[in-house]
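Source file: final_28.tsv; contents: TSV, C-alpha atoms.
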```
chain	number	residue	atom	x	y	z
A	252	MET	CA	62.15	140.50	83.72
A	253	LEU	CA	65.75	140.52	84.93
A	254	GLY	CA	66.27	137.01	83.55
A	255	ALA	CA	65.04	138.20	80.15
A	256	TYR	CA	67.33	141.23	80.17
A	257	LEU	CA	70.33	139.16	81.28
A	258	THR	CA	69.76	136.67	78.46
A	259	TYR	CA	69.37	139.56	76.02
A	260	SER	CA	72.63	141.16	77.18
A	261	LEU	CA	74.59	137.89	77.01
A	262	HIS	CA	73.23	137.00	73.58
A	263	VAL	CA	73.51	140.42	71.93
A	264	GLY	CA	76.70	141.54	73.66
A	265	PHE	CA	78.67	138.28	73.73
A	266	GLY	CA	76.90	135.98	71.28
A	267	VAL	CA	75.93	133.40	73.93
A	268	ASN	CA	73.22	130.95	72.91
A	269	PRO	CA	69.99	132.00	74.74
A	270	LEU	CA	69.39	128.42	75.86
A	271	LEU	CA	72.87	128.24	77.38
A	272	THR	CA	72.17	131.40	79.37
A	273	LEU	CA	69.70	129.37	81.44
A	274	ALA	CA	72.74	127.91	83.21
A	275	VAL	CA	73.64	131.48	84.21
A	276	THR	CA	70.31	133.14	84.94
A	277	GLY	CA	68.97	130.24	87.03
A	278	PRO	CA	71.85	129.94	89.54
A	279	LEU	CA	72.36	133.70	89.73
A	280	ALA	CA	68.68	134.24	90.46
A	281	PHE	CA	68.73	131.46	93.08
A	282	GLY	CA	71.64	133.13	94.87
A	283	ALA	CA	69.96	136.54	94.62
A	284	GLY	CA	66.77	135.03	96.02
A	285	LEU	CA	68.62	133.60	99.02
A	286	LEU	CA	70.25	136.97	99.67
A	287	LEU	CA	66.98	138.87	99.31
A	288	HIS	CA	65.25	136.43	101.64
A	289	ARG	CA	67.98	136.82	104.24
A	290	LEU	CA	67.88	140.61	104.10
A	291	LEU	CA	64.09	141.12	104.01
A	292	TYR	CA	61.80	138.13	104.28
A	293	ALA	CA	63.64	136.31	107.08
A	294	ARG	CA	63.12	139.30	109.34
A	295	VAL	CA	59.46	139.51	108.42
A	296	LEU	CA	59.09	135.77	109.06
A	297	SER	CA	60.67	135.96	112.51
A	298	GLY	CA	58.64	139.04	113.45
A	299	SER	CA	55.22	137.81	112.28
A	300	GLU	CA	52.88	136.43	114.89
A	301	THR	CA	50.70	134.42	112.48
A	302	PRO	CA	51.06	132.99	108.94
A	303	GLU	CA	48.44	135.49	107.75
A	304	ALA	CA	50.55	138.39	109.05
A	305	PHE	CA	53.63	137.03	107.28
A	306	GLU	CA	51.71	136.64	104.01
A	307	SER	CA	50.34	140.18	104.06
A	308	ARG	CA	53.65	141.78	105.01
A	309	SER	CA	55.65	139.75	102.49
A	310	LEU	CA	53.16	140.72	99.77
A	311	VAL	CA	53.76	144.40	100.48
A	312	ILE	CA	57.54	143.85	100.38
A	313	SER	CA	57.24	141.93	97.10
A	314	PHE	CA	55.38	144.73	95.35
A	315	GLY	CA	57.90	147.25	96.70
A	316	ALA	CA	60.76	145.11	95.35
A	317	LEU	CA	58.93	144.86	92.01
A	318	PHE	CA	58.81	148.64	91.59
A	319	ALA	CA	62.44	148.99	92.71
A	320	LEU	CA	63.61	146.42	90.14
A	321	GLN	CA	61.55	148.04	87.40
A	322	ASN	CA	63.21	151.38	88.00
A	323	ALA	CA	66.64	149.75	88.18
A	324	ALA	CA	65.99	148.15	84.78
A	325	LEU	CA	64.94	151.55	83.44
A	326	LEU	CA	68.27	153.04	84.52
A	327	ILE	CA	70.34	150.16	83.09
A	328	TRP	CA	68.52	149.24	79.87
A	329	SER	CA	66.23	152.31	79.36
A	330	ALA	CA	62.56	152.19	78.45
A	331	ASP	CA	63.17	151.40	74.77
A	332	LEU	CA	61.82	148.11	73.47
A	333	LYS	CA	64.54	145.53	73.05
A	334	GLY	CA	64.65	142.08	71.53
A	335	TYR	CA	66.49	139.63	69.32
A	336	GLY	CA	65.70	136.84	66.90
A	337	TYR	CA	66.37	133.22	67.77
A	338	LEU	CA	64.81	130.03	66.36
A	339	SER	CA	62.05	132.04	64.74
A	340	ASP	CA	61.69	129.66	61.77
A	341	PRO	CA	58.20	128.16	61.41
A	342	VAL	CA	57.66	124.48	62.21
A	343	ARG	CA	54.61	122.56	61.04
A	344	MET	CA	53.11	120.23	63.65
A	345	LEU	CA	49.72	118.51	63.74
A	346	GLY	CA	48.43	120.61	60.87
A	347	ALA	CA	49.44	123.92	62.46
A	348	VAL	CA	52.46	126.19	62.18
A	349	PHE	CA	54.44	127.25	65.27
A	350	PRO	CA	57.65	129.26	65.67
A	351	ALA	CA	60.45	126.94	66.71
A	352	ASN	CA	61.37	129.11	69.70
A	353	ARG	CA	57.91	128.68	71.22
A	354	ILE	CA	58.12	124.91	70.87
A	355	VAL	CA	61.54	124.88	72.53
A	356	ALA	CA	60.29	127.13	75.35
A	357	ALA	CA	57.25	124.88	75.91
A	358	VAL	CA	59.42	121.74	76.05
A	359	VAL	CA	61.89	123.32	78.49
A	360	ALA	CA	59.09	124.67	80.70
A	361	LEU	CA	57.33	121.29	80.76
A	362	GLY	CA	60.60	119.54	81.58
A	363	LEU	CA	61.29	121.90	84.47
A	364	SER	CA	57.75	121.44	85.78
A	365	ILE	CA	58.11	117.65	85.76
A	366	ALA	CA	61.54	117.85	87.41
A	367	PHE	CA	60.19	120.13	90.14
A	368	TYR	CA	57.23	117.82	90.73
A	369	VAL	CA	59.55	114.83	91.11
A	370	PHE	CA	61.76	116.89	93.43
A	371	LEU	CA	58.82	117.68	95.69
A	372	ARG	CA	57.63	114.07	95.72
A	373	ARG	CA	60.88	112.10	95.95
A	374	SER	CA	63.60	114.19	97.60
A	375	LEU	CA	63.99	114.79	101.33
A	376	ALA	CA	64.07	118.57	100.79
A	377	GLY	CA	60.89	118.32	98.72
A	378	LYS	CA	59.13	116.43	101.49
A	379	ALA	CA	60.23	119.11	103.96
A	380	ILE	CA	58.74	121.76	101.69
A	381	ARG	CA	55.46	119.86	101.45
A	382	GLY	CA	55.40	119.44	105.23
A	383	LEU	CA	55.93	123.18	105.68
A	384	MET	CA	53.08	123.92	103.27
A	385	GLN	CA	50.66	121.55	105.00
A	386	ASP	CA	51.38	122.33	108.66
A	387	PRO	CA	54.25	124.67	109.64
A	388	GLU	CA	53.94	123.99	113.37
A	389	ALA	CA	54.03	120.20	112.93
A	390	ALA	CA	56.95	120.53	110.52
A	391	GLU	CA	58.90	122.50	113.10
A	392	LEU	CA	58.12	119.92	115.79
A	393	VAL	CA	59.68	117.12	113.74
A	394	GLY	CA	62.90	119.11	113.29
A	395	ILE	CA	62.43	120.93	109.99
A	396	ASP	CA	64.30	124.25	109.89
A	397	LEU	CA	61.51	126.58	108.78
A	398	GLY	CA	63.80	129.50	107.99
A	399	ARG	CA	66.08	127.39	105.81
A	400	VAL	CA	63.19	125.76	103.95
A	401	HIS	CA	61.57	129.17	103.40
A	402	ALA	CA	64.84	130.46	101.94
A	403	ILE	CA	65.17	127.46	99.60
A	404	CYS	CA	61.57	127.87	98.41
A	405	PHE	CA	62.11	131.56	97.77
A	406	GLY	CA	65.37	130.96	95.93
A	407	VAL	CA	63.87	128.23	93.74
A	408	GLY	CA	60.89	130.46	92.93
A	409	ILE	CA	63.14	133.36	91.90
A	410	ALA	CA	65.30	131.00	89.81
A	411	MET	CA	62.32	129.56	87.96
A	412	SER	CA	61.03	133.09	87.30
A	413	ALA	CA	64.40	134.08	85.84
A	414	VAL	CA	64.51	130.99	83.62
A	415	THR	CA	60.99	131.80	82.45
A	416	GLY	CA	62.11	135.33	81.58
A	417	SER	CA	65.03	133.93	79.59
A	418	LEU	CA	62.70	131.70	77.59
A	419	VAL	CA	60.16	134.47	77.00
A	420	SER	CA	62.89	136.78	75.72
A	421	MET	CA	63.28	134.54	72.66
A	422	PHE	CA	59.93	135.58	71.19
A	423	PHE	CA	58.66	138.68	73.02
A	424	GLU	CA	59.99	142.22	73.18
A	425	LEU	CA	61.55	143.32	76.44
A	426	THR	CA	60.48	146.22	78.62
A	427	PRO	CA	61.14	146.97	82.30
A	428	PHE	CA	57.40	146.50	82.95
A	429	MET	CA	56.99	143.10	81.26
A	430	GLY	CA	56.98	141.17	84.54
A	431	LEU	CA	53.72	142.44	86.05
A	432	PRO	CA	51.31	140.87	83.49
A	433	TYR	CA	53.03	137.50	83.94
A	434	THR	CA	52.77	137.86	87.71
A	435	VAL	CA	49.01	138.32	87.42
A	436	THR	CA	48.77	135.35	85.04
A	437	ALA	CA	50.78	133.22	87.47
A	438	LEU	CA	48.37	134.09	90.30
A	439	VAL	CA	45.42	133.09	88.10
A	440	VAL	CA	47.11	129.77	87.23
A	441	ILE	CA	47.92	128.99	90.88
A	442	ILE	CA	44.36	129.69	92.02
A	443	LEU	CA	42.94	127.83	89.03
A	444	GLY	CA	44.97	124.69	89.71
A	445	GLY	CA	44.77	124.81	93.50
A	446	LEU	CA	47.15	126.38	96.02
A	447	GLY	CA	50.17	124.16	96.61
A	448	ASN	CA	49.27	121.72	93.84
A	449	VAL	CA	52.02	121.57	91.19
A	450	ALA	CA	50.13	119.21	88.89
A	451	GLY	CA	47.05	121.41	89.22
A	452	SER	CA	49.09	124.47	88.25
A	453	VAL	CA	50.31	122.73	85.08
A	454	VAL	CA	46.75	121.72	84.18
A	455	GLY	CA	45.48	125.20	85.01
A	456	ALA	CA	48.16	126.83	82.85
A	457	LEU	CA	47.26	124.63	79.87
A	458	LEU	CA	43.54	125.31	80.27
A	459	LEU	CA	44.06	129.05	80.68
A	460	GLY	CA	46.35	129.16	77.64
A	461	LEU	CA	43.83	127.28	75.50
A	462	ALA	CA	40.98	129.53	76.65
A	463	GLU	CA	42.94	132.74	75.97
A	464	THR	CA	44.12	131.50	72.57
A	465	ALA	CA	40.59	130.49	71.56
A	466	SER	CA	39.17	133.83	72.68
A	467	VAL	CA	41.80	135.75	70.71
A	468	TYR	CA	41.20	133.60	67.64
A	469	VAL	CA	37.42	134.13	67.77
A	470	THR	CA	37.38	137.80	68.80
A	471	ALA	CA	40.43	140.04	69.33
A	472	SER	CA	43.57	140.20	71.47
A	473	ASP	CA	42.00	142.83	73.74
A	474	ILE	CA	39.63	140.20	75.12
A	475	ARG	CA	42.43	138.12	76.68
A	476	PRO	CA	42.51	139.85	80.12
A	477	ILE	CA	38.73	139.63	80.34
A	478	VAL	CA	38.88	135.88	79.75
A	479	SER	CA	41.61	135.43	82.40
A	480	TYR	CA	39.78	137.38	85.08
A	481	GLY	CA	36.46	135.79	84.08
A	482	ILE	CA	37.90	132.29	84.58
A	483	LEU	CA	39.43	133.39	87.89
A	484	SER	CA	36.09	134.76	89.10
A	485	LEU	CA	34.25	131.58	88.13
A	486	ILE	CA	36.76	129.36	89.92
A	487	LEU	CA	36.63	131.47	93.08
A	488	ILE	CA	32.83	131.29	93.06
A	489	LEU	CA	32.25	127.67	91.99
A	490	ARG	CA	35.39	125.92	93.32
A	491	PRO	CA	37.49	128.11	95.65
A	492	ALA	CA	39.98	125.29	96.31
A	493	GLY	CA	40.89	125.11	92.61
A	494	LEU	CA	40.38	122.42	90.00
A	495	LEU	CA	42.66	119.88	91.72
A	496	GLY	CA	42.67	121.41	95.19
A	497	ARG	CA	41.38	119.62	98.25
```
Can you dump the structure from the file as structure tokens?
Amino acid sequence: MLGAYLTYSLHVGFGVNPLLTLAVTGPLAFGAGLLLHRLLYARVLSGSETPEAFESRSLVISFGALFALQNAALLIWSADLKGYGYLSDPVRMLGAVFPANRIVAAVVALGLSIAFYVFLRRSLAGKAIRGLMQDPEAAELVGIDLGRVHAICFGVGIAMSAVTGSLVSMFFELTPFMGLPYTVTALVVIILGGLGNVAGSVVGALLLGLAETASVYVTASDIRPIVSYGILSLILILRPAGLLGR
């Protein structure tokens, strides 16, 4: 949400190309994520006896931060709908018509997903993150700084969320409450693909998008949340580990 509003402000107020604002929203969000982790989550991490305790406490903090940021956005940008037009010209592809901004957003999102996957697989920091995900105690025994890796993960997650908000702002209206529906969708995608599986999340996102689009095309837009939660329920019942989970 903040990434979307920052892109909106830079584009409308200063005429900056929305795609160029990604170079601003991403690093700023990464730095803000590191600061927020240091102030809040690092203390919760050091004071939690078990991973389950850390997860539950951090979830409560995250929802509290969500409401605080929503109200901050209300004070700064008000509750009025905001938006702008960029690359809204139609483009014909494969017998269908798509707005150019959606194609650009899809290409950028796919590129970032591939880059992040390669980062996790090839870089030393990515291997440390994977080790932390698989076995935190073993990762600490081999010398991985858990606090530092946690902070990097949190910062990268916040940065990718901000970049996503910047892309979404090109074709959706902005409100201070726009982030919550995407948060729920992200949880569905993660569970659908398998926890900790980046490739599974990409596959899950594509499948969920196709299912929601087909349901809207056949019925009405109101059916979309029902389809999302229906798919989530089926996956939790039939394959709790996710489509590509182990």
ask   = Could you name the residues that touch A:Phe370 at 12 Å or less, counting all atoms listed in the file, but leaving out those on the same chain fewer than 5 positions away, as a ChimeraX atom specification?
value = /A:363-365,375-381,407,449
Residues as selected, C-alpha atoms, written as a PDB file, in the coordinates of the input, can you do that?
```pdb
ATOM      1  CA  LEU A 363      61.290 121.900  84.470  1.00  0.00           C
ATOM      2  CA  SER A 364      57.750 121.440  85.780  1.00  0.00           C
ATOM      3  CA  ILE A 365      58.110 117.650  85.760  1.00  0.00           C
ATOM      4  CA  LEU A 375      63.990 114.790 101.330  1.00  0.00           C
ATOM      5  CA  ALA A 376      64.070 118.570 100.790  1.00  0.00           C
ATOM      6  CA  GLY A 377      60.890 118.320  98.720  1.00  0.00           C
ATOM      7  CA  LYS A 378      59.130 116.430 101.490  1.00  0.00           C
ATOM      8  CA  ALA A 379      60.230 119.110 103.960  1.00  0.00           C
ATOM      9  CA  ILE A 380      58.740 121.760 101.690  1.00  0.00           C
ATOM     10  CA  ARG A 381      55.460 119.860 101.450  1.00  0.00           C
ATOM     11  CA  VAL A 407      63.870 128.230  93.740  1.00  0.00           C
ATOM     12  CA  VAL A 449      52.020 121.570  91.190  1.00  0.00           C
TER      13      VAL A 449
END
```
request  = For atom CA of A:Gly416 and atom CA of A:Ala366, quote the distance in Å rounded to one decimal.
outcome  = 18.4 Å
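Compared by their closest atoms to A:Leu273, and using only C-alpha atoms, the residues A:Ala316, A:Leu383, A:Leu286, A:Leu261 rank with A:Leu261 nearest.
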ask   = Counting only C-alpha atoms, what is within 6 Å of stretch 408-412 of chain A, bar same-chain residues fewer than 6 positions away, as JSON, numbers by chain?
value = {"A": [277, 280, 281, 284]}
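With all atoms listed in the file as the atoms that count, the minimum distance from A:Ser479 to the choices A:Val439, A:Ala465, A:Val342, A:Ala456 is reached by A:Val439.
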ask   = If you count all atoms listed in the file, which residues fall within 8 Å of stretch 391-398 of chain A, apart from same-chain ones fewer than 3 positions away, as a ChimeraX atom specification?
value = /A:293,296,379,383,387-388,401-402
key: Nearest candidate to A:Ile482 (options A:Thr301, A:Thr436, A:Thr470, A:Asn448; using only C-alpha atoms)   = A:Thr436
Non-local contacts of stretch 345-362 of chain A (8 Å; only C-alpha atoms; under 3 positions in same chain excluded) as an mmCIF file with C-alpha atoms, in the frame of the given file:
```
data_model
loop_
_atom_site.group_PDB
_atom_site.id
_atom_site.type_symbol
_atom_site.label_atom_id
_atom_site.label_comp_id
_atom_site.auth_asym_id
_atom_site.auth_seq_id
_atom_site.Cartn_x
_atom_site.Cartn_y
_atom_site.Cartn_z
ATOM 1 C CA TYR A 337 66.370 133.220 67.770
ATOM 2 C CA LEU A 338 64.810 130.030 66.360
ATOM 3 C CA SER A 339 62.050 132.040 64.740
ATOM 4 C CA ASP A 340 61.690 129.660 61.770
ATOM 5 C CA PRO A 341 58.200 128.160 61.410
ATOM 6 C CA VAL A 342 57.660 124.480 62.210
ATOM 7 C CA ILE A 365 58.110 117.650 85.760
ATOM 8 C CA ALA A 366 61.540 117.850 87.410
ATOM 9 C CA THR A 415 60.990 131.800 82.450
ATOM 10 C CA LEU A 418 62.700 131.700 77.590
ATOM 11 C CA VAL A 419 60.160 134.470 77.000
ATOM 12 C CA MET A 421 63.280 134.540 72.660
ATOM 13 C CA PHE A 422 59.930 135.580 71.190
#
```
inquiry  = If we count all atoms listed in the file and set the cut-off at 9 Å, which residues sit around A:Arg475, ignoring sequence neighbours fewer than 2 positions away in its own chain? Please answer as JSON, numbers by chain.
reply    = {"A": [462, 463, 464, 466, 467, 471, 472, 473, 477, 478, 479, 480]}
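Atom CA of A:Leu325 is found 6.1 Å from atom CA of A:Pro427.
Taking only C-alpha atoms into account, the residues near (65.4, 138.0, 82.8), no farther than 6 Å, are A:Met252, A:Leu253, A:Gly254, A:Ala255, A:Tyr256, A:Leu257, A:Ala413, A:Gly416, A:Ser417.
One finds atom CA of A:Thr258 at 7.4 Å from atom CA of A:Thr276.
Comparing A:Arg308, A:Gly493, A:Leu279, A:Ser297 by their smallest distance to A:Leu446, the closest is A:Gly493 (using only C-alpha atoms).
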remark   = One residue among A:Leu443, A:Ala450, A:His288, A:Leu494 is nearest to A:Gly481 when using all atoms listed in the file, and that residue is A:Leu443
request  = In the coordinate frame of the file, compute which residues have an atom within 7 Å of (44.6, 129.4, 88.1) when using all atoms listed in the file, and state them as number ranges by chain.
outcome  = A: 438-444, 452, 455-456, 483
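Nearest residue to A:Ser329 among A:Leu271, A:Val263, A:Leu459, A:Leu425 is A:Leu425, counting only C-alpha atoms.
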